[in-house]
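File shown: final_7.cif. Contents: mmCIF, C-alpha atoms.
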data_start
loop_
_atom_site.label_atom_id
_atom_site.label_comp_id
_atom_site.auth_asym_id
_atom_site.auth_seq_id
_atom_site.Cartn_x
_atom_site.Cartn_y
_atom_site.Cartn_z
CA GLY A 490 168.14 -182.25 77.04
CA ALA A 491 169.53 -182.59 73.55
CA VAL A 492 172.16 -180.14 72.36
CA VAL A 493 171.97 -177.92 69.30
CA SER A 494 174.84 -175.69 68.24
CA GLN A 495 174.90 -172.72 65.90
CA HIS A 496 177.78 -171.13 64.10
CA PRO A 497 178.68 -168.33 64.04
CA SER A 498 177.26 -166.88 67.24
CA TRP A 499 177.73 -163.36 65.94
CA VAL A 500 178.35 -162.02 62.45
CA ILE A 501 178.70 -158.55 60.98
CA CYS A 502 178.51 -158.14 57.23
CA LYS A 503 178.23 -155.42 54.63
CA SER A 504 174.98 -154.72 52.85
CA GLY A 505 174.64 -156.83 49.71
CA THR A 506 176.70 -159.76 50.89
CA SER A 507 175.46 -163.22 51.81
CA VAL A 508 175.80 -164.88 55.18
CA LYS A 509 175.52 -168.58 56.03
CA ILE A 510 174.46 -169.80 59.48
CA GLU A 511 174.95 -173.43 60.47
CA CYS A 512 172.75 -175.37 62.86
CA ARG A 513 173.87 -178.75 64.15
CA SER A 514 172.20 -181.29 66.40
CA LEU A 515 175.12 -182.69 68.38
CA ASP A 516 173.72 -185.72 70.16
CA PHE A 517 170.53 -186.58 68.33
CA GLN A 518 169.21 -186.83 64.82
CA ALA A 519 166.79 -184.08 63.86
CA THR A 520 164.52 -185.15 61.03
CA THR A 521 162.90 -181.75 61.25
CA MET A 522 164.63 -178.46 61.93
CA PHE A 523 163.05 -175.06 62.39
CA TRP A 524 164.43 -171.58 61.79
CA TYR A 525 163.20 -168.61 63.79
CA ARG A 526 163.84 -164.91 63.80
CA GLN A 527 163.61 -162.82 66.94
CA PHE A 528 163.63 -159.05 67.24
CA PRO A 529 164.60 -157.40 70.54
CA LYS A 530 162.04 -157.93 73.29
CA GLN A 531 159.76 -159.84 70.96
CA SER A 532 158.67 -163.42 70.59
CA LEU A 533 160.10 -165.99 68.22
CA MET A 534 158.80 -165.83 64.68
CA LEU A 535 158.93 -169.08 62.72
CA MET A 536 160.52 -168.56 59.34
CA ALA A 537 160.59 -172.05 57.92
CA THR A 538 160.42 -175.75 58.63
CA SER A 539 162.88 -178.08 56.97
CA ASN A 540 162.91 -181.83 56.71
CA GLU A 541 166.07 -183.74 55.91
CA GLY A 542 166.42 -184.20 52.18
CA SER A 543 163.37 -182.11 51.33
CA LYS A 544 162.69 -178.53 50.37
CA ALA A 545 161.94 -176.23 53.27
CA THR A 546 158.41 -175.02 53.94
CA TYR A 547 158.37 -171.27 54.44
CA GLU A 548 155.91 -169.32 56.54
CA GLN A 549 153.75 -166.70 54.90
CA GLY A 550 155.65 -163.50 54.26
CA VAL A 551 159.11 -165.07 54.38
CA GLU A 552 161.03 -164.69 51.12
CA LYS A 553 162.33 -168.11 50.15
CA ASP A 554 164.80 -166.65 47.66
CA LYS A 555 166.28 -164.44 50.33
CA PHE A 556 166.45 -166.98 53.13
CA LEU A 557 167.84 -170.17 51.63
CA ILE A 558 167.54 -173.22 53.83
CA ASN A 559 169.32 -176.51 53.27
CA HIS A 560 168.85 -179.60 55.44
CA ALA A 561 171.30 -182.01 53.87
CA SER A 562 171.69 -184.40 56.79
CA LEU A 563 169.96 -185.43 60.00
CA THR A 564 172.38 -183.30 62.01
CA LEU A 565 172.96 -180.21 59.88
CA SER A 566 170.79 -177.44 58.52
CA THR A 567 171.98 -174.15 57.09
CA LEU A 568 170.32 -170.79 56.62
CA THR A 569 171.82 -168.45 54.04
CA VAL A 570 170.72 -164.84 54.06
CA THR A 571 171.33 -163.65 50.52
CA SER A 572 172.02 -160.04 49.59
CA ALA A 573 171.63 -159.01 53.20
CA HIS A 574 170.34 -155.54 54.05
CA PRO A 575 170.21 -153.67 57.37
CA GLU A 576 166.57 -154.69 57.88
CA ASP A 577 167.74 -158.33 57.95
CA SER A 578 169.67 -157.61 61.13
CA SER A 579 168.17 -159.82 63.79
CA PHE A 580 168.71 -162.79 66.10
CA TYR A 581 168.34 -166.04 64.19
CA ILE A 582 167.65 -169.22 66.14
CA CYS A 583 167.32 -172.79 64.93
CA SER A 584 165.80 -175.77 66.66
CA GLY A 585 165.87 -179.49 66.13
CA GLY A 586 162.80 -181.61 66.60
CA GLY A 587 162.98 -184.38 69.18
CA SER A 588 161.16 -187.67 69.37
CA TYR A 589 158.24 -186.45 71.49
CA ASN A 590 157.33 -183.11 69.98
CA GLU A 591 160.07 -181.25 71.79
CA GLN A 592 162.12 -178.63 70.05
CA PHE A 593 165.67 -178.11 71.23
CA PHE A 594 166.96 -174.67 70.43
CA GLY A 595 170.42 -173.52 69.47
CA PRO A 596 172.11 -170.57 71.17
CA GLY A 597 171.23 -168.21 68.34
CA THR A 598 173.18 -166.12 65.85
CA ARG A 599 173.24 -162.34 66.04
CA LEU A 600 173.38 -160.89 62.51
CA THR A 601 174.25 -157.24 62.03
CA VAL A 602 174.18 -155.88 58.48
CA LEU A 603 175.97 -152.58 57.98
CA GLN B 954 142.58 -169.34 65.99
CA GLN B 955 146.29 -170.03 65.81
CA GLN B 956 147.20 -167.46 68.48
CA VAL B 957 148.47 -168.19 71.94
CA LYS B 958 147.81 -165.31 74.32
CA GLN B 959 150.27 -164.88 77.17
CA SER B 960 150.05 -162.67 80.24
CA PRO B 961 151.35 -160.72 81.99
CA GLN B 962 153.85 -159.03 79.70
CA SER B 963 156.15 -158.39 82.65
CA LEU B 964 156.25 -159.55 86.23
CA ILE B 965 158.21 -158.54 89.31
CA VAL B 966 158.36 -160.96 92.22
CA GLN B 967 160.18 -160.92 95.52
CA LYS B 968 162.73 -163.63 96.19
CA GLY B 969 161.00 -166.68 97.60
CA GLY B 970 157.65 -165.74 96.09
CA ILE B 971 155.55 -167.52 93.51
CA SER B 972 155.66 -166.40 89.88
CA ILE B 973 152.59 -167.20 87.81
CA ILE B 974 152.38 -166.81 84.03
CA ASN B 975 149.25 -167.60 82.08
CA CYS B 976 148.55 -168.67 78.50
CA ALA B 977 145.33 -169.25 76.57
CA TYR B 978 144.73 -170.85 73.20
CA GLU B 979 141.84 -171.30 70.80
CA ASN B 980 142.77 -174.23 68.58
CA THR B 981 141.45 -177.41 70.19
CA ALA B 982 143.78 -179.45 67.98
CA PHE B 983 146.75 -178.32 70.08
CA ASP B 984 147.92 -181.20 72.26
CA TYR B 985 151.40 -180.29 73.39
CA PHE B 986 152.21 -177.27 75.56
CA PRO B 987 155.85 -176.50 76.42
CA TRP B 988 157.34 -173.65 78.40
CA TYR B 989 160.69 -172.13 77.53
CA GLN B 990 163.08 -169.92 79.46
CA GLN B 991 165.28 -167.47 77.59
CA PHE B 992 168.12 -165.36 78.92
CA PRO B 993 169.29 -162.27 76.99
CA GLY B 994 171.35 -163.19 73.94
CA LYS B 995 170.69 -166.91 74.35
CA GLY B 996 168.41 -169.43 72.73
CA PRO B 997 165.28 -170.65 74.56
CA ALA B 998 165.68 -173.65 76.84
CA LEU B 999 162.89 -176.14 77.44
CA LEU B 1000 161.69 -175.97 81.04
CA ILE B 1001 158.70 -178.24 81.22
CA ALA B 1002 155.92 -179.44 78.95
CA ILE B 1003 152.47 -180.95 79.35
CA ARG B 1004 149.97 -182.90 77.27
CA PRO B 1005 146.21 -182.52 77.75
CA ASP B 1006 145.73 -185.93 79.34
CA VAL B 1007 146.94 -184.55 82.68
CA SER B 1008 145.93 -181.42 84.57
CA GLU B 1009 149.20 -180.75 86.32
CA LYS B 1010 152.87 -181.54 85.92
CA LYS B 1011 155.62 -180.67 88.35
CA GLU B 1012 159.37 -180.65 87.88
CA GLY B 1013 161.31 -179.23 90.78
CA ARG B 1014 160.16 -175.67 91.42
CA PHE B 1015 158.27 -175.49 88.12
CA THR B 1016 154.65 -176.59 87.76
CA ILE B 1017 152.32 -176.46 84.77
CA SER B 1018 148.60 -176.34 85.45
CA PHE B 1019 146.38 -177.22 82.52
CA ASN B 1020 142.65 -176.54 82.14
CA LYS B 1021 141.43 -178.24 78.98
CA SER B 1022 137.85 -176.96 79.16
CA ALA B 1023 139.00 -173.37 79.56
CA LYS B 1024 141.81 -173.83 77.02
CA GLN B 1025 144.26 -172.30 79.43
CA PHE B 1026 147.56 -173.34 80.95
CA SER B 1027 149.89 -171.68 83.37
CA LEU B 1028 153.43 -171.88 84.69
CA HIS B 1029 154.06 -171.58 88.42
CA ILE B 1030 157.57 -170.96 89.67
CA MET B 1031 157.76 -171.70 93.38
CA ASP B 1032 160.38 -170.13 95.65
CA SER B 1033 161.41 -167.75 92.87
CA GLN B 1034 165.10 -166.84 92.80
CA PRO B 1035 167.02 -163.95 91.21
CA GLY B 1036 168.53 -166.50 88.83
CA ASP B 1037 165.04 -167.14 87.47
CA SER B 1038 164.98 -163.61 86.06
CA ALA B 1039 164.50 -164.23 82.35
CA THR B 1040 161.87 -164.16 79.63
CA TYR B 1041 159.43 -167.04 79.61
CA PHE B 1042 157.53 -168.22 76.54
CA CYS B 1043 154.63 -170.62 76.39
CA ALA B 1044 153.94 -172.48 73.17
CA ALA B 1045 151.39 -174.83 71.70
CA SER B 1046 151.55 -177.38 68.94
CA THR B 1047 149.93 -180.49 67.60
CA THR B 1048 151.63 -183.88 67.81
CA SER B 1049 150.77 -184.67 64.21
CA GLY B 1050 152.37 -183.30 61.09
CA THR B 1051 155.45 -181.14 61.46
CA TYR B 1052 154.47 -180.07 65.02
CA LYS B 1053 155.52 -176.48 64.55
CA TYR B 1054 155.10 -174.29 67.60
CA ILE B 1055 152.89 -171.28 68.09
CA PHE B 1056 154.61 -169.12 70.69
CA GLY B 1057 153.10 -166.72 73.17
CA THR B 1058 154.35 -163.16 73.30
CA GLY B 1059 156.60 -163.75 76.28
CA THR B 1060 156.76 -162.64 79.92
CA ARG B 1061 159.75 -160.81 81.31
CA LEU B 1062 160.22 -161.96 84.88
CA LYS B 1063 162.35 -160.11 87.38
CA VAL B 1064 162.95 -161.60 90.79
CA LEU B 1065 164.15 -159.11 93.35
CA ALA B 1066 166.83 -160.20 95.78
#
Structure rendered as structure tokens:
Amino acid sequence: GAVVSQHPSWVICKSGTSVKIECRSLDFQATTMFWYRQFPKQSLMLMATSNEGSKATYEQGVEKDKFLINHASLTLSTLTVTSAHPEDSSFYICSGGGSYNEQFFGPGTRLTVL
Amino acid sequence: QQQVKQSPQSLIVQKGGISIINCAYENTAFDYFPWYQQFPGKGPALLIAIRPDVSEKKEGRFTISFNKSAKQFSLHIMDSQPGDSATYFCAASTTSGTYKYIFGTGTRLKVLA
């Protein structure tokens, strides 16, 4: 399967600071990338869908000003959590869309906000 | 109508046994049904996927059975191994538009040695 990387894999930050998470498709071009949030022992919750060169489409209830998504190229999307607070602590996972409806997921980023 | 219901929530199987996880959907527009395996602290990995033009798909020890009329699909893991212990998610999507996934709630599988 296709490979998606995320960086960093783990980040701890202070409340009020911003954190950027990178998602890269390493061996394929992802026209569409998806960002998910997962709480412990729960399912994946889609936050937003981004298409290369376009504004992201956010799911209902997701604050677009808090979770800034940029998809500047076919291999890179970034998620910036602005003014992070402890309730933003979670596991953030991105995926890149393949040619046949598949989504290839990154390894995830564990965010802890103190 | 957008929900995908997954059961059971957790499952314990003896080594060598068959693990069966079921999913049901309502939206008849869904036409792509993948299964993902996730280990703790890792991202989900695609196991196997099926489209509604076939009723069964097998890849190694993993088989998807699909019942279009009942709007149900299931994952069968044959000869289950301790290394299969993970959380399994079913999902559904359409092949048109942005094909975003609707995920099931997950099944935590434990295979006893």
**Message:** At a cut-off of 9 Å, which residues of chain A touch chain B? Count only C-alpha atoms and give the answer as a PyMOL selection string.
**Reply:** chain A and resi 490+521+523+530-535+538+540+580+582-583+586+589-599
**Item:** Pick from B:Ile1017, B:Cys1043, B:Ile971, B:Ala982 nearest to Gln959 of chain B, counting all atoms listed in the file
**Value:** B:Cys1043
**Message:** Show me, as a list in words, the residues that have an atom within 8 Å of Ile974 of chain B when counting only C-alpha atoms, minus same-chain residues fewer than 6 positions from it.
**Reply:** Gln959, Ser960, Pro961, Ser1027, Leu1028, His1029 and Thr1060 of chain B
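Evaluated against this file, the PyMOL selection byres ((chain A and resi 503) around 8) yields A:Ile501, A:Cys502, A:Ser504, A:Gly505, A:Thr506, A:Ala573, A:His574, A:Val602, A:Leu603.
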**Asked** Interatomic distance between atom CA of Asp554 of chain A and atom CA of Gly585 of chain A?
**Response** 22.5 Å
**Request:** Kindly give the distance, in Å, that separates atom CA of Gly969 of chain B and atom CA of Phe1015 of chain B, rounded to a single decimal.
**Result:** 13.2 Å
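Across the structure, atom CA of Ser498 of chain A and atom CA of Trp988 of chain B are spaced 23.8 Å apart.
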Name the residues, using the chain letters and numbers of the file, that sit within 6 Å of (172.5, -180.6, 71.4) when counting all atoms listed in the file, and give them as a PDB file with C-alpha atoms, in the frame of the given file.
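Writing the result to part_7.pdb gives the following:
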ATOM      1  CA  ALA A 491     169.530-182.590  73.550  1.00  0.00           C
ATOM      2  CA  VAL A 492     172.160-180.140  72.360  1.00  0.00           C
ATOM      3  CA  VAL A 493     171.970-177.920  69.300  1.00  0.00           C
ATOM      4  CA  SER A 514     172.200-181.290  66.400  1.00  0.00           C
ATOM      5  CA  LEU A 515     175.120-182.690  68.380  1.00  0.00           C
ATOM      6  CA  ASP A 516     173.720-185.720  70.160  1.00  0.00           C
TER       7      ASP A 516
END
Residue by residue, what does the PyMOL selection byres ((chain B and resi 1038) around 9) grab here? Present the result as a PDB file with C-alpha atoms, in the coordinates of the input.
ATOM      1  CA  PHE B 992     168.120-165.360  78.920  1.00  0.00           C
ATOM      2  CA  SER B1033     161.410-167.750  92.870  1.00  0.00           C
ATOM      3  CA  GLN B1034     165.100-166.840  92.800  1.00  0.00           C
ATOM      4  CA  PRO B1035     167.020-163.950  91.210  1.00  0.00           C
ATOM      5  CA  GLY B1036     168.530-166.500  88.830  1.00  0.00           C
ATOM      6  CA  ASP B1037     165.040-167.140  87.470  1.00  0.00           C
ATOM      7  CA  ALA B1039     164.500-164.230  82.350  1.00  0.00           C
ATOM      8  CA  THR B1040     161.870-164.160  79.630  1.00  0.00           C
ATOM      9  CA  ARG B1061     159.750-160.810  81.310  1.00  0.00           C
ATOM     10  CA  LEU B1062     160.220-161.960  84.880  1.00  0.00           C
ATOM     11  CA  LYS B1063     162.350-160.110  87.380  1.00  0.00           C
ATOM     12  CA  VAL B1064     162.950-161.600  90.790  1.00  0.00           C
ATOM     13  CA  LEU B1065     164.150-159.110  93.350  1.00  0.00           C
TER      14      LEU B1065
END
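The shortest atom-to-atom distance to Thr601 of chain A, with only C-alpha atoms taken into account, belongs to A:Ser507 out of A:Thr564, A:Ser543, A:Ser584, A:Ser507.
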**Request:** Quick one: everything within 10 Å of His560 of chain A, counting only C-alpha atoms, minus sequence neighbours fewer than 6 positions away in the same chain. Send it as number ranges by chain.
**Result:** A: 512, 519-522, 538-545, 566-568
**Prompt:** Restricting the calculation to only C-alpha atoms, which member of A:Asn559, A:Ser579, A:Gln549, A:Ser588 is positioned closest to Tyr525 of chain A?
**Reply:** A:Ser579
**Residues within 9 Å of (159.1, -169.9, 52.8), counting only C-alpha atoms, listed as a PyMOL selection string** = chain A and resi 536-538+545-554+556-557
Saved selection, atoms kept: C-alpha atoms, as an mmCIF file, in the frame of the given file:
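Result saved to out05.cif:
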data_model
loop_
_atom_site.group_PDB
_atom_site.id
_atom_site.type_symbol
_atom_site.label_atom_id
_atom_site.label_comp_id
_atom_site.auth_asym_id
_atom_site.auth_seq_id
_atom_site.Cartn_x
_atom_site.Cartn_y
_atom_site.Cartn_z
ATOM 1 C CA MET A 536 160.520 -168.560 59.340
ATOM 2 C CA ALA A 537 160.590 -172.050 57.920
ATOM 3 C CA THR A 538 160.420 -175.750 58.630
ATOM 4 C CA ALA A 545 161.940 -176.230 53.270
ATOM 5 C CA THR A 546 158.410 -175.020 53.940
ATOM 6 C CA TYR A 547 158.370 -171.270 54.440
ATOM 7 C CA GLU A 548 155.910 -169.320 56.540
ATOM 8 C CA GLN A 549 153.750 -166.700 54.900
ATOM 9 C CA GLY A 550 155.650 -163.500 54.260
ATOM 10 C CA VAL A 551 159.110 -165.070 54.380
ATOM 11 C CA GLU A 552 161.030 -164.690 51.120
ATOM 12 C CA LYS A 553 162.330 -168.110 50.150
ATOM 13 C CA ASP A 554 164.800 -166.650 47.660
ATOM 14 C CA PHE A 556 166.450 -166.980 53.130
ATOM 15 C CA LEU A 557 167.840 -170.170 51.630
#
Taking N, CA and C atoms as the atom set, what does segment 571-585 of chain A look like once completed, written as a CSV table (one decimal), keeping the file's coordinate frame?
chain,number,residue,atom,x,y,z
A,571,THR,N,170.7,-164.2,51.8
A,571,THR,CA,171.3,-163.6,50.5
A,571,THR,C,171.1,-162.2,50.4
A,572,SER,N,172.1,-161.5,49.8
A,572,SER,CA,172.0,-160.0,49.6
A,572,SER,C,171.4,-159.3,50.8
A,573,ALA,N,172.1,-159.5,51.9
A,573,ALA,CA,171.6,-159.0,53.2
A,573,ALA,C,171.5,-157.5,53.2
A,574,HIS,N,170.5,-157.0,53.9
A,574,HIS,CA,170.3,-155.5,54.0
A,574,HIS,C,170.2,-155.2,55.5
A,575,PRO,N,170.3,-154.0,55.9
A,575,PRO,CA,170.2,-153.7,57.4
A,575,PRO,C,168.9,-154.2,58.0
A,576,GLU,N,167.8,-154.2,57.3
A,576,GLU,CA,166.6,-154.7,57.9
A,576,GLU,C,166.6,-156.2,58.2
A,577,ASP,N,167.6,-156.9,57.7
A,577,ASP,CA,167.7,-158.3,58.0
A,577,ASP,C,168.5,-158.5,59.3
A,578,SER,N,169.0,-157.5,59.8
A,578,SER,CA,169.7,-157.6,61.1
A,578,SER,C,168.7,-158.1,62.2
A,579,SER,N,169.1,-159.2,62.8
A,579,SER,CA,168.2,-159.8,63.8
A,579,SER,C,168.9,-160.9,64.5
A,580,PHE,N,168.2,-161.6,65.4
A,580,PHE,CA,168.7,-162.8,66.1
A,580,PHE,C,168.0,-164.0,65.5
A,581,TYR,N,168.9,-164.9,64.9
A,581,TYR,CA,168.3,-166.0,64.2
A,581,TYR,C,168.6,-167.3,65.0
A,582,ILE,N,167.6,-168.1,65.3
A,582,ILE,CA,167.6,-169.2,66.1
A,582,ILE,C,167.1,-170.4,65.4
A,583,CYS,N,167.8,-171.6,65.5
A,583,CYS,CA,167.3,-172.8,64.9
A,583,CYS,C,166.9,-173.7,66.1
A,584,SER,N,166.1,-174.7,65.7
A,584,SER,CA,165.8,-175.8,66.7
A,584,SER,C,165.7,-177.1,65.9
A,585,GLY,N,166.0,-178.2,66.7
A,585,GLY,CA,165.9,-179.5,66.1
A,585,GLY,C,164.7,-180.2,66.8
